[in-house]
Structures are given as structure tokens and as C-alpha cells.
$ cat target_23.txt   # compact mmCIF, N, CA and C atoms
# COMPACT_ATOMS: atom_id res chain seq x y z
N MET A 1 -25.83 -6.14 5.45
CA MET A 1 -26.00 -6.96 6.63
C MET A 1 -25.88 -8.42 6.21
N ILE A 2 -25.12 -9.18 6.95
CA ILE A 2 -24.93 -10.59 6.65
C ILE A 2 -25.49 -11.41 7.81
N LEU A 3 -26.28 -12.44 7.49
CA LEU A 3 -26.89 -13.27 8.52
C LEU A 3 -26.29 -14.67 8.47
N TRP A 4 -25.73 -15.11 9.56
CA TRP A 4 -25.21 -16.47 9.71
C TRP A 4 -25.89 -17.07 10.93
N GLY A 5 -26.95 -17.82 10.69
CA GLY A 5 -27.67 -18.38 11.82
C GLY A 5 -28.19 -17.26 12.69
N TYR A 6 -27.75 -17.22 13.96
CA TYR A 6 -28.18 -16.18 14.88
C TYR A 6 -27.25 -14.97 14.89
N LEU A 7 -26.14 -15.04 14.12
CA LEU A 7 -25.15 -13.97 14.12
C LEU A 7 -25.45 -13.00 12.98
N THR A 8 -25.60 -11.75 13.30
CA THR A 8 -25.82 -10.71 12.32
C THR A 8 -24.69 -9.69 12.46
N ILE A 9 -23.97 -9.43 11.35
CA ILE A 9 -22.91 -8.44 11.40
C ILE A 9 -23.01 -7.51 10.20
N SER A 10 -22.55 -6.30 10.37
CA SER A 10 -22.58 -5.34 9.28
C SER A 10 -21.41 -5.59 8.34
N TYR A 11 -21.52 -5.02 7.16
CA TYR A 11 -20.45 -5.12 6.16
C TYR A 11 -19.16 -4.50 6.71
N GLN A 12 -19.27 -3.36 7.41
CA GLN A 12 -18.10 -2.70 7.98
C GLN A 12 -17.42 -3.59 9.01
N THR A 13 -18.18 -4.27 9.82
CA THR A 13 -17.61 -5.17 10.82
C THR A 13 -16.91 -6.33 10.15
N LEU A 14 -17.52 -6.85 9.09
CA LEU A 14 -16.90 -7.95 8.35
C LEU A 14 -15.56 -7.50 7.76
N LEU A 15 -15.52 -6.31 7.16
CA LEU A 15 -14.26 -5.79 6.61
C LEU A 15 -13.21 -5.63 7.71
N PHE A 16 -13.63 -5.11 8.86
CA PHE A 16 -12.70 -4.95 9.98
C PHE A 16 -12.11 -6.30 10.37
N LEU A 17 -12.97 -7.30 10.49
CA LEU A 17 -12.49 -8.63 10.88
C LEU A 17 -11.52 -9.20 9.85
N VAL A 18 -11.86 -9.07 8.58
CA VAL A 18 -11.00 -9.61 7.52
C VAL A 18 -9.64 -8.92 7.52
N PHE A 19 -9.63 -7.59 7.63
CA PHE A 19 -8.37 -6.87 7.50
C PHE A 19 -7.60 -6.69 8.80
N ASN A 20 -8.24 -6.90 9.95
CA ASN A 20 -7.54 -6.67 11.20
C ASN A 20 -7.38 -7.91 12.08
N VAL A 21 -8.30 -8.81 12.00
CA VAL A 21 -8.23 -10.00 12.83
C VAL A 21 -7.62 -11.17 12.07
N PHE A 22 -8.11 -11.39 10.86
CA PHE A 22 -7.65 -12.54 10.09
C PHE A 22 -6.37 -12.27 9.30
N ALA A 23 -5.94 -11.02 9.22
CA ALA A 23 -4.70 -10.68 8.53
C ALA A 23 -3.83 -9.79 9.43
N PRO A 24 -3.47 -10.28 10.62
CA PRO A 24 -2.78 -9.43 11.58
C PRO A 24 -1.35 -9.09 11.21
N SER A 25 -0.77 -9.76 10.21
CA SER A 25 0.62 -9.51 9.89
C SER A 25 0.82 -8.25 9.03
N LEU A 26 -0.25 -7.62 8.58
CA LEU A 26 -0.14 -6.43 7.76
C LEU A 26 0.47 -5.30 8.58
N THR A 27 1.59 -4.78 8.11
CA THR A 27 2.26 -3.69 8.79
C THR A 27 1.76 -2.37 8.23
N GLU A 28 1.36 -1.47 9.10
CA GLU A 28 0.89 -0.16 8.69
C GLU A 28 1.75 0.91 9.31
N ILE A 29 1.94 2.01 8.57
CA ILE A 29 2.67 3.13 9.14
C ILE A 29 1.80 4.38 9.06
N SER A 30 2.08 5.31 9.93
CA SER A 30 1.32 6.56 10.02
C SER A 30 1.95 7.64 9.16
N TYR A 31 1.27 8.75 9.06
CA TYR A 31 1.79 9.92 8.35
C TYR A 31 3.13 10.34 8.95
N GLU A 32 3.19 10.40 10.27
CA GLU A 32 4.42 10.82 10.96
C GLU A 32 5.57 9.84 10.68
N ASP A 33 5.26 8.54 10.70
CA ASP A 33 6.28 7.53 10.39
C ASP A 33 6.79 7.70 8.95
N LEU A 34 5.87 7.94 8.03
CA LEU A 34 6.26 8.09 6.63
C LEU A 34 7.12 9.33 6.44
N LYS A 35 6.73 10.44 7.06
CA LYS A 35 7.52 11.67 6.95
C LYS A 35 8.94 11.45 7.48
N ALA A 36 9.05 10.77 8.61
CA ALA A 36 10.36 10.50 9.20
C ALA A 36 11.19 9.61 8.28
N LEU A 37 10.56 8.60 7.72
CA LEU A 37 11.24 7.68 6.81
C LEU A 37 11.71 8.42 5.55
N MET A 38 10.88 9.30 5.02
CA MET A 38 11.24 10.07 3.84
C MET A 38 12.43 10.99 4.12
N ALA A 39 12.49 11.52 5.32
CA ALA A 39 13.56 12.45 5.69
C ALA A 39 14.90 11.75 5.89
N LYS A 40 14.87 10.51 6.36
CA LYS A 40 16.13 9.85 6.72
C LYS A 40 16.61 8.80 5.72
N SER A 41 15.76 8.33 4.85
CA SER A 41 16.15 7.20 4.01
C SER A 41 16.25 7.54 2.54
N GLU A 42 17.38 7.20 1.98
CA GLU A 42 17.55 7.35 0.54
C GLU A 42 17.14 6.07 -0.19
N LYS A 43 16.89 5.01 0.57
CA LYS A 43 16.54 3.71 -0.03
C LYS A 43 15.03 3.45 -0.04
N LEU A 44 14.25 4.38 0.46
CA LEU A 44 12.80 4.21 0.51
C LEU A 44 12.22 4.02 -0.89
N LEU A 45 11.42 2.97 -1.05
CA LEU A 45 10.64 2.81 -2.27
C LEU A 45 9.18 2.99 -1.86
N LEU A 46 8.59 4.06 -2.36
CA LEU A 46 7.22 4.42 -2.06
C LEU A 46 6.39 4.14 -3.31
N VAL A 47 5.38 3.26 -3.18
CA VAL A 47 4.61 2.80 -4.33
C VAL A 47 3.16 3.22 -4.21
N ASP A 48 2.70 3.99 -5.19
CA ASP A 48 1.31 4.43 -5.29
C ASP A 48 0.56 3.39 -6.09
N VAL A 49 -0.45 2.76 -5.48
CA VAL A 49 -1.18 1.67 -6.15
C VAL A 49 -2.54 2.10 -6.68
N ARG A 50 -2.78 3.40 -6.72
CA ARG A 50 -4.07 3.90 -7.22
C ARG A 50 -4.12 3.83 -8.74
N THR A 51 -5.24 4.24 -9.31
CA THR A 51 -5.39 4.27 -10.77
C THR A 51 -4.54 5.42 -11.34
N LYS A 52 -4.26 5.33 -12.62
CA LYS A 52 -3.49 6.39 -13.29
C LYS A 52 -4.22 7.73 -13.17
N GLU A 53 -5.53 7.72 -13.30
CA GLU A 53 -6.32 8.94 -13.20
C GLU A 53 -6.16 9.58 -11.81
N GLU A 54 -6.15 8.77 -10.77
CA GLU A 54 -5.95 9.30 -9.42
C GLU A 54 -4.55 9.87 -9.27
N VAL A 55 -3.55 9.15 -9.77
CA VAL A 55 -2.16 9.59 -9.66
C VAL A 55 -1.96 10.90 -10.42
N ASP A 56 -2.62 11.04 -11.57
CA ASP A 56 -2.49 12.27 -12.37
C ASP A 56 -2.99 13.50 -11.62
N LYS A 57 -3.85 13.31 -10.62
CA LYS A 57 -4.38 14.44 -9.84
C LYS A 57 -3.46 14.81 -8.69
N GLY A 58 -2.48 13.98 -8.40
CA GLY A 58 -1.54 14.27 -7.32
C GLY A 58 -1.01 12.98 -6.71
N ARG A 59 0.22 13.06 -6.22
CA ARG A 59 0.84 11.89 -5.60
C ARG A 59 1.84 12.35 -4.56
N ILE A 60 2.28 11.43 -3.74
CA ILE A 60 3.31 11.73 -2.75
C ILE A 60 4.64 11.83 -3.50
N PRO A 61 5.39 12.91 -3.27
CA PRO A 61 6.67 13.09 -3.98
C PRO A 61 7.59 11.88 -3.81
N GLY A 62 8.22 11.50 -4.92
CA GLY A 62 9.17 10.40 -4.91
C GLY A 62 8.57 9.03 -5.10
N SER A 63 7.24 8.96 -5.18
CA SER A 63 6.61 7.65 -5.34
C SER A 63 6.62 7.22 -6.80
N ILE A 64 6.53 5.90 -6.98
CA ILE A 64 6.35 5.35 -8.32
C ILE A 64 4.94 4.78 -8.39
N HIS A 65 4.43 4.64 -9.60
CA HIS A 65 3.06 4.13 -9.77
C HIS A 65 3.08 2.68 -10.25
N ILE A 66 2.46 1.82 -9.45
CA ILE A 66 2.20 0.43 -9.85
C ILE A 66 0.76 0.16 -9.41
N HIS A 67 -0.14 0.02 -10.36
CA HIS A 67 -1.56 -0.19 -10.02
C HIS A 67 -1.70 -1.43 -9.14
N VAL A 68 -2.65 -1.38 -8.23
CA VAL A 68 -2.86 -2.47 -7.27
C VAL A 68 -2.99 -3.83 -7.96
N ASP A 69 -3.63 -3.87 -9.12
CA ASP A 69 -3.80 -5.14 -9.83
C ASP A 69 -2.52 -5.62 -10.50
N SER A 70 -1.49 -4.78 -10.54
CA SER A 70 -0.22 -5.12 -11.19
C SER A 70 0.91 -5.38 -10.20
N VAL A 71 0.64 -5.23 -8.90
CA VAL A 71 1.70 -5.37 -7.89
C VAL A 71 2.37 -6.73 -7.96
N GLU A 72 1.59 -7.78 -8.02
CA GLU A 72 2.16 -9.13 -8.05
C GLU A 72 3.08 -9.31 -9.25
N ALA A 73 2.62 -8.94 -10.43
CA ALA A 73 3.43 -9.09 -11.64
C ALA A 73 4.66 -8.19 -11.60
N ALA A 74 4.51 -6.97 -11.10
CA ALA A 74 5.64 -6.03 -11.05
C ALA A 74 6.75 -6.54 -10.15
N PHE A 75 6.40 -7.00 -8.95
CA PHE A 75 7.42 -7.45 -8.02
C PHE A 75 7.95 -8.85 -8.33
N ALA A 76 7.34 -9.49 -9.32
CA ALA A 76 7.85 -10.78 -9.78
C ALA A 76 8.85 -10.60 -10.93
N LEU A 77 8.96 -9.37 -11.45
CA LEU A 77 9.90 -9.10 -12.54
C LEU A 77 11.34 -9.30 -12.10
N GLU A 78 12.19 -9.61 -13.05
CA GLU A 78 13.63 -9.65 -12.80
C GLU A 78 14.09 -8.23 -12.51
N PRO A 79 15.15 -8.06 -11.73
CA PRO A 79 15.61 -6.71 -11.37
C PRO A 79 15.84 -5.78 -12.56
N GLU A 80 16.40 -6.29 -13.64
CA GLU A 80 16.65 -5.46 -14.82
C GLU A 80 15.35 -4.99 -15.45
N GLU A 81 14.36 -5.89 -15.51
CA GLU A 81 13.05 -5.54 -16.08
C GLU A 81 12.33 -4.52 -15.20
N PHE A 82 12.42 -4.70 -13.89
CA PHE A 82 11.79 -3.78 -12.95
C PHE A 82 12.37 -2.38 -13.14
N LYS A 83 13.69 -2.28 -13.18
CA LYS A 83 14.36 -0.98 -13.34
C LYS A 83 13.98 -0.34 -14.67
N ALA A 84 13.94 -1.12 -15.74
CA ALA A 84 13.58 -0.59 -17.06
C ALA A 84 12.14 -0.08 -17.08
N LYS A 85 11.26 -0.78 -16.40
CA LYS A 85 9.84 -0.41 -16.42
C LYS A 85 9.51 0.75 -15.48
N PHE A 86 10.13 0.77 -14.28
CA PHE A 86 9.74 1.76 -13.27
C PHE A 86 10.82 2.81 -12.98
N GLY A 87 12.01 2.63 -13.53
CA GLY A 87 13.05 3.62 -13.37
C GLY A 87 13.76 3.62 -12.02
N VAL A 88 13.50 2.60 -11.21
CA VAL A 88 14.15 2.48 -9.90
C VAL A 88 14.61 1.04 -9.72
N THR A 89 15.54 0.87 -8.81
CA THR A 89 16.05 -0.46 -8.51
C THR A 89 14.99 -1.27 -7.77
N LYS A 90 14.83 -2.50 -8.19
CA LYS A 90 13.89 -3.40 -7.52
C LYS A 90 14.43 -3.68 -6.11
N PRO A 91 13.58 -3.52 -5.10
CA PRO A 91 14.06 -3.75 -3.73
C PRO A 91 14.30 -5.23 -3.45
N PRO A 92 15.26 -5.53 -2.59
CA PRO A 92 15.45 -6.93 -2.19
C PRO A 92 14.28 -7.36 -1.30
N LEU A 93 14.10 -8.66 -1.16
CA LEU A 93 12.97 -9.17 -0.36
C LEU A 93 13.00 -8.70 1.08
N ASP A 94 14.19 -8.41 1.61
CA ASP A 94 14.27 -7.97 3.00
C ASP A 94 14.39 -6.45 3.12
N ALA A 95 14.04 -5.72 2.06
CA ALA A 95 14.12 -4.25 2.10
C ALA A 95 13.30 -3.71 3.26
N PRO A 96 13.91 -2.94 4.13
CA PRO A 96 13.17 -2.41 5.28
C PRO A 96 12.32 -1.20 4.94
N GLU A 97 12.49 -0.66 3.74
CA GLU A 97 11.84 0.60 3.42
C GLU A 97 11.01 0.51 2.14
N LEU A 98 10.01 -0.35 2.16
CA LEU A 98 9.07 -0.50 1.06
C LEU A 98 7.68 -0.15 1.60
N VAL A 99 7.11 0.95 1.10
CA VAL A 99 5.82 1.43 1.57
C VAL A 99 4.88 1.55 0.38
N LEU A 100 3.69 0.99 0.52
CA LEU A 100 2.67 1.06 -0.52
C LEU A 100 1.50 1.89 0.02
N TYR A 101 0.84 2.62 -0.88
CA TYR A 101 -0.30 3.42 -0.43
C TYR A 101 -1.30 3.59 -1.56
N CYS A 102 -2.52 3.95 -1.17
CA CYS A 102 -3.58 4.23 -2.13
C CYS A 102 -4.25 5.54 -1.72
N GLN A 103 -5.53 5.64 -1.93
CA GLN A 103 -6.25 6.86 -1.57
C GLN A 103 -6.54 6.94 -0.07
N MET A 104 -7.04 5.82 0.50
CA MET A 104 -7.42 5.84 1.92
C MET A 104 -6.95 4.62 2.70
N GLY A 105 -6.25 3.69 2.10
CA GLY A 105 -5.68 2.58 2.85
C GLY A 105 -6.12 1.18 2.47
N MET A 106 -7.27 1.02 1.86
CA MET A 106 -7.80 -0.32 1.56
C MET A 106 -6.99 -1.01 0.46
N ARG A 107 -6.84 -0.36 -0.69
CA ARG A 107 -6.07 -0.96 -1.78
C ARG A 107 -4.59 -1.06 -1.41
N GLY A 108 -4.10 -0.09 -0.66
CA GLY A 108 -2.72 -0.16 -0.18
C GLY A 108 -2.51 -1.37 0.71
N GLY A 109 -3.50 -1.68 1.53
CA GLY A 109 -3.44 -2.87 2.37
C GLY A 109 -3.41 -4.15 1.55
N ARG A 110 -4.25 -4.19 0.51
CA ARG A 110 -4.26 -5.37 -0.39
C ARG A 110 -2.91 -5.52 -1.09
N ALA A 111 -2.37 -4.41 -1.57
CA ALA A 111 -1.09 -4.45 -2.27
C ALA A 111 0.04 -4.84 -1.32
N THR A 112 -0.01 -4.35 -0.10
CA THR A 112 1.01 -4.70 0.90
C THR A 112 0.94 -6.18 1.22
N SER A 113 -0.26 -6.70 1.39
CA SER A 113 -0.42 -8.14 1.63
C SER A 113 0.14 -8.95 0.47
N LYS A 114 -0.10 -8.50 -0.74
CA LYS A 114 0.41 -9.20 -1.93
C LYS A 114 1.93 -9.17 -1.93
N ALA A 115 2.52 -8.03 -1.62
CA ALA A 115 3.99 -7.92 -1.56
C ALA A 115 4.54 -8.85 -0.48
N GLN A 116 3.87 -8.92 0.66
CA GLN A 116 4.31 -9.81 1.74
C GLN A 116 4.22 -11.27 1.30
N GLU A 117 3.17 -11.62 0.58
CA GLU A 117 3.04 -12.99 0.07
C GLU A 117 4.18 -13.33 -0.89
N LEU A 118 4.69 -12.33 -1.60
CA LEU A 118 5.80 -12.54 -2.53
C LEU A 118 7.15 -12.60 -1.81
N GLY A 119 7.15 -12.37 -0.50
CA GLY A 119 8.39 -12.46 0.27
C GLY A 119 8.93 -11.14 0.79
N TYR A 120 8.26 -10.03 0.49
CA TYR A 120 8.70 -8.72 1.01
C TYR A 120 8.22 -8.59 2.46
N VAL A 121 9.03 -9.14 3.35
CA VAL A 121 8.63 -9.31 4.75
C VAL A 121 8.44 -7.99 5.49
N ASN A 122 9.06 -6.92 5.03
CA ASN A 122 8.96 -5.63 5.73
C ASN A 122 8.08 -4.62 5.01
N ALA A 123 7.35 -5.04 3.99
CA ALA A 123 6.47 -4.12 3.26
C ALA A 123 5.44 -3.54 4.22
N SER A 124 5.17 -2.24 4.05
CA SER A 124 4.22 -1.54 4.92
C SER A 124 3.18 -0.80 4.10
N ASN A 125 2.01 -0.65 4.68
CA ASN A 125 0.92 0.12 4.10
C ASN A 125 0.84 1.46 4.80
N TYR A 126 0.88 2.55 4.03
CA TYR A 126 0.62 3.87 4.61
C TYR A 126 -0.89 3.99 4.75
N LYS A 127 -1.37 3.77 5.96
CA LYS A 127 -2.80 3.62 6.20
C LYS A 127 -3.62 4.88 5.95
N GLY A 128 -3.02 6.04 6.00
CA GLY A 128 -3.77 7.27 5.75
C GLY A 128 -3.96 7.56 4.28
N GLY A 129 -3.08 6.99 3.47
CA GLY A 129 -3.17 7.14 2.03
C GLY A 129 -3.00 8.58 1.55
N TYR A 130 -3.20 8.74 0.26
CA TYR A 130 -3.01 10.06 -0.33
C TYR A 130 -4.00 11.08 0.23
N LYS A 131 -5.17 10.63 0.61
CA LYS A 131 -6.16 11.56 1.17
C LYS A 131 -5.61 12.25 2.41
N GLU A 132 -5.05 11.48 3.34
CA GLU A 132 -4.47 12.08 4.54
C GLU A 132 -3.24 12.91 4.18
N TRP A 133 -2.38 12.38 3.30
CA TRP A 133 -1.17 13.09 2.91
C TRP A 133 -1.52 14.49 2.36
N SER A 134 -2.43 14.53 1.40
CA SER A 134 -2.76 15.82 0.77
C SER A 134 -3.40 16.78 1.77
N ALA A 135 -4.20 16.26 2.69
CA ALA A 135 -4.81 17.12 3.71
C ALA A 135 -3.74 17.71 4.64
N LYS A 136 -2.81 16.90 5.07
CA LYS A 136 -1.77 17.37 5.99
C LYS A 136 -0.70 18.21 5.30
N GLU A 137 -0.50 17.98 4.02
CA GLU A 137 0.50 18.73 3.28
C GLU A 137 -0.10 20.00 2.63
N GLY A 138 -1.42 20.15 2.73
CA GLY A 138 -2.07 21.33 2.18
C GLY A 138 -2.21 21.34 0.67
N ASN A 139 -2.31 20.14 0.08
CA ASN A 139 -2.47 20.05 -1.38
C ASN A 139 -3.93 19.97 -1.77
$ encode --input "target_23.txt" --output "C-alpha cells"
Amino acid sequence: MILWGYLTISYQTLLFLVFNVFAPSLTEISYEDLKALMAKSEKLLLVDVRTKEEVDKGRIPGSIHIHVDSVEAAFALEPEEFKAKFGVTKPPLDAPELVLYCQMGMRGGRATSKAQELGYVNASNYKGGYKEWSAKEGN
């Protein structure tokens, strides 16, 4: 609970305000949107920003792993360095198919915001994260 004069708000409300009101440019996609994008796009870059231990337990097929704390440095790499490190072509800043995700959406949102700050204007957060994916895919 946070007290500001006469205003009292919960931690959950504060998080909602920070991530939904004060950062409205964050683009999120649903499970259905991601499935459709995976089916139609060969250019999709899907980035798992969870820890290595989490990724080792399961991941969305076709995703690459870049820890949330490394997103800024990774996307700042030169294209040749990015390809050598991650095995895929570095997306252009206007790539329409760049999706980041984590376990439940919070770290994915942070990583997506970081990518947007770097100029990836169409970066999206898969808001359901791996938790929703594995539940819907039966993993």
C-alpha cells in the first residue's frame, strides 16, 4: 500500500497505472494473434526474454532466447554480430513481425518497451506469455 497525502493505492493499481496509463504505446498481441502470425509469416522474430532455466523447461517453437536484461545490448549489435550470436537475421527497425514474450507478460512488456525505445516501432509483447502458450498448447 502506498500513501500519498490522502491518496491510498495498492501495489497492483500502481503497476496497472505504470504499464497501462503512463506507457500506452506498448503494443500487445493475444494468443490468437500470435498463432495467426506464426502461420502466415516467415519473417517473424519471436524473442523469449525469460531466464535460461525457464527456457530450458520449454519455449514457444521458433523463438530465440535473449534475456530481458540483454535486450538493449542485443538489439544494438551490428547485423553481422546479431546473426553470429543468435543465428537469425537482425530485424530492421520497421520490422512488422517482432514479438517478445516472457512467462506471464511483465518482463515481455519491459523488453518490448526497450525495443521500442531503440527504434523498433512495431515491436509487440505477447501478453499471455509462455504460461498461456503452454496451457493452450497442452504442454
$ select_by_dssp --input "target_23.txt" --residues "region 62-99 of chain A" --states "alpha helix (DSSP H)" --output "PyMOL selection string"
chain A and resi 71-75+79-86
$ select_by_dssp --input "target_23.txt" --residues "chain A" --states "strand (DSSP E or B)" --output "list in words"
Ile2, Leu3, Trp4, Leu7, Thr8, Ile9, Thr27, Glu28, Ile29, Leu45, Leu46, Val47, Asp48, Ile64, His65, Leu98, Val99, Leu100, Tyr101, Ser124, Asn125 and Tyr126 of chain A
$ residues_around --input "target_23.txt" --residues "region 117-121 of chain A" --least-positions-apart "2" --cutoff "7 Å" --atoms "only C-alpha atoms" --output "list of chain:residue names"
A:Leu93, A:Asp94, A:Ser113, A:Lys114, A:Ala115, A:Ala123
$ residues_around --input "target_23.txt" --residues "region 51-67 of chain A" --least-positions-apart "4" --cutoff "7 Å" --atoms "all atoms listed in the file" --output "PyMOL selection string"
chain A and resi 45-47+71+86+130
$ residues_around --input "target_23.txt" --residues "Glu80 (chain A)" --least-positions-apart "4" --cutoff "8 Å" --atoms "all atoms listed in the file" --output "list in words"
Ala84, Lys85, Phe86, Thr89 and Lys90 of chain A
$ atom_distance --input "target_23.txt" --atom1 "CA of Met104 (chain A)" --atom2 "CA of Lys131 (chain A)"
5.9 Å
$ closest_residue --input "target_23.txt" --among "A:Val49, A:Val68, A:Leu26, A:Ala135" --to "Tyr101 (chain A)" --atoms "only C-alpha atoms"
A:Val49
$ closest_residue --input "target_23.txt" --among "A:Pro91, A:Tyr31, A:Glu132, A:Gln116" --to "Pro79 (chain A)" --atoms "only N, CA and C atoms"
A:Pro91
$ atom_distance --input "target_23.txt" --atom1 "atom C of Thr27 (chain A)" --atom2 "atom N of Leu44 (chain A)"
16.2 Å
$ axis_aligned_box --input "target_23.txt" --around "region 99-114 of chain A" --padding-each-side "8 Å" --output "JSON"
{"center_x": -0.3, "center_y": -1.1, "center_z": 0.3, "size_x": 30.9, "size_y": 32.1, "size_z": 21.1}
$ atom_distance --input "target_23.txt" --atom1 "CA of Gly109 (chain A)" --atom2 "atom C of Asp33 (chain A)"
16.1 Å
$ closest_residue --input "target_23.txt" --among "A:Pro96, A:Asn122, A:Gly129, A:Glu72" --to "Gly108 (chain A)" --atoms "all atoms listed in the file"
A:Gly129
$ closest_residue --input "target_23.txt" --among "A:Trp133, A:Gly138, A:Cys102, A:Ser70" --to "Asp48 (chain A)" --atoms "only N, CA and C atoms"
A:Cys102
$ closest_residue --input "target_23.txt" --among "A:Asn125, A:Asp69, A:Asn139, A:Ser134" --to "Leu34 (chain A)" --atoms "only C-alpha atoms"
A:Asn125
$ decode --input "target_23.txt" --residues "region 42-112 of chain A" --atoms "C-alpha atoms" --output "mmCIF file, in the first residue's frame"
data_model
loop_
_atom_site.group_PDB
_atom_site.id
_atom_site.type_symbol
_atom_site.label_atom_id
_atom_site.label_comp_id
_atom_site.auth_asym_id
_atom_site.auth_seq_id
_atom_site.Cartn_x
_atom_site.Cartn_y
_atom_site.Cartn_z
ATOM 1 C CA GLU A 42 8.257 -16.457 -42.424
ATOM 2 C CA LYS A 43 9.818 -13.197 -41.195
ATOM 3 C CA LEU A 44 8.520 -13.400 -37.621
ATOM 4 C CA LEU A 45 11.199 -12.953 -34.978
ATOM 5 C CA LEU A 46 9.899 -14.336 -31.699
ATOM 6 C CA VAL A 47 12.102 -13.498 -28.702
ATOM 7 C CA ASP A 48 11.897 -15.286 -25.347
ATOM 8 C CA VAL A 49 13.190 -12.913 -22.653
ATOM 9 C CA ARG A 50 12.957 -15.314 -19.709
ATOM 10 C CA THR A 51 15.910 -16.812 -17.832
ATOM 11 C CA LYS A 52 17.871 -19.685 -19.355
ATOM 12 C CA GLU A 53 16.466 -22.000 -16.677
ATOM 13 C CA GLU A 54 12.908 -21.093 -17.675
ATOM 14 C CA VAL A 55 13.670 -21.531 -21.387
ATOM 15 C CA ASP A 56 15.244 -24.942 -20.706
ATOM 16 C CA LYS A 57 11.861 -26.110 -19.339
ATOM 17 C CA GLY A 58 10.057 -25.178 -22.555
ATOM 18 C CA ARG A 59 9.647 -22.414 -25.100
ATOM 19 C CA ILE A 60 7.464 -21.368 -27.995
ATOM 20 C CA PRO A 61 8.723 -23.131 -31.151
ATOM 21 C CA GLY A 62 10.897 -20.961 -33.371
ATOM 22 C CA SER A 63 11.774 -18.452 -30.672
ATOM 23 C CA ILE A 64 15.260 -17.264 -29.845
ATOM 24 C CA HIS A 65 16.458 -16.532 -26.319
ATOM 25 C CA ILE A 66 17.601 -13.049 -25.319
ATOM 26 C CA HIS A 67 17.336 -12.432 -21.570
ATOM 27 C CA VAL A 68 15.316 -9.344 -20.656
ATOM 28 C CA ASP A 69 18.416 -7.657 -19.217
ATOM 29 C CA SER A 70 20.275 -8.200 -22.512
ATOM 30 C CA VAL A 71 17.616 -6.917 -24.944
ATOM 31 C CA GLU A 72 19.089 -3.433 -25.243
ATOM 32 C CA ALA A 73 22.619 -4.691 -25.892
ATOM 33 C CA ALA A 74 21.434 -7.422 -28.279
ATOM 34 C CA PHE A 75 19.385 -5.122 -30.490
ATOM 35 C CA ALA A 76 22.195 -2.572 -30.503
ATOM 36 C CA LEU A 77 24.551 -5.119 -32.122
ATOM 37 C CA GLU A 78 25.600 -4.761 -35.734
ATOM 38 C CA PRO A 79 23.633 -7.104 -38.029
ATOM 39 C CA GLU A 80 26.602 -9.453 -38.529
ATOM 40 C CA GLU A 81 27.192 -9.716 -34.771
ATOM 41 C CA PHE A 82 23.489 -10.313 -34.108
ATOM 42 C CA LYS A 83 23.361 -13.138 -36.673
ATOM 43 C CA ALA A 84 26.552 -14.719 -35.304
ATOM 44 C CA LYS A 85 25.269 -14.597 -31.727
ATOM 45 C CA PHE A 86 21.617 -15.597 -32.236
ATOM 46 C CA GLY A 87 21.645 -17.454 -35.547
ATOM 47 C CA VAL A 88 18.990 -15.254 -37.158
ATOM 48 C CA THR A 89 18.985 -12.061 -39.163
ATOM 49 C CA LYS A 90 18.676 -8.909 -37.097
ATOM 50 C CA PRO A 91 15.302 -7.330 -37.873
ATOM 51 C CA PRO A 92 15.152 -3.851 -39.383
ATOM 52 C CA LEU A 93 13.784 -1.077 -37.168
ATOM 53 C CA ASP A 94 10.480 -1.126 -39.045
ATOM 54 C CA ALA A 95 10.066 -4.922 -38.884
ATOM 55 C CA PRO A 96 6.342 -5.581 -38.539
ATOM 56 C CA GLU A 97 6.848 -9.015 -37.025
ATOM 57 C CA LEU A 98 8.939 -8.698 -33.865
ATOM 58 C CA VAL A 99 7.283 -10.279 -30.816
ATOM 59 C CA LEU A 100 8.809 -10.556 -27.356
ATOM 60 C CA TYR A 101 7.452 -12.690 -24.531
ATOM 61 C CA CYS A 102 8.207 -13.939 -21.044
ATOM 62 C CA GLN A 103 6.372 -16.187 -18.601
ATOM 63 C CA MET A 104 3.273 -14.037 -17.983
ATOM 64 C CA GLY A 105 3.778 -10.688 -19.735
ATOM 65 C CA MET A 106 5.571 -8.340 -17.337
ATOM 66 C CA ARG A 107 9.177 -8.883 -18.462
ATOM 67 C CA GLY A 108 7.991 -9.175 -22.058
ATOM 68 C CA GLY A 109 6.395 -5.757 -21.675
ATOM 69 C CA ARG A 110 9.647 -4.300 -20.322
ATOM 70 C CA ALA A 111 11.625 -5.861 -23.165
ATOM 71 C CA THR A 112 9.114 -4.617 -25.747
#
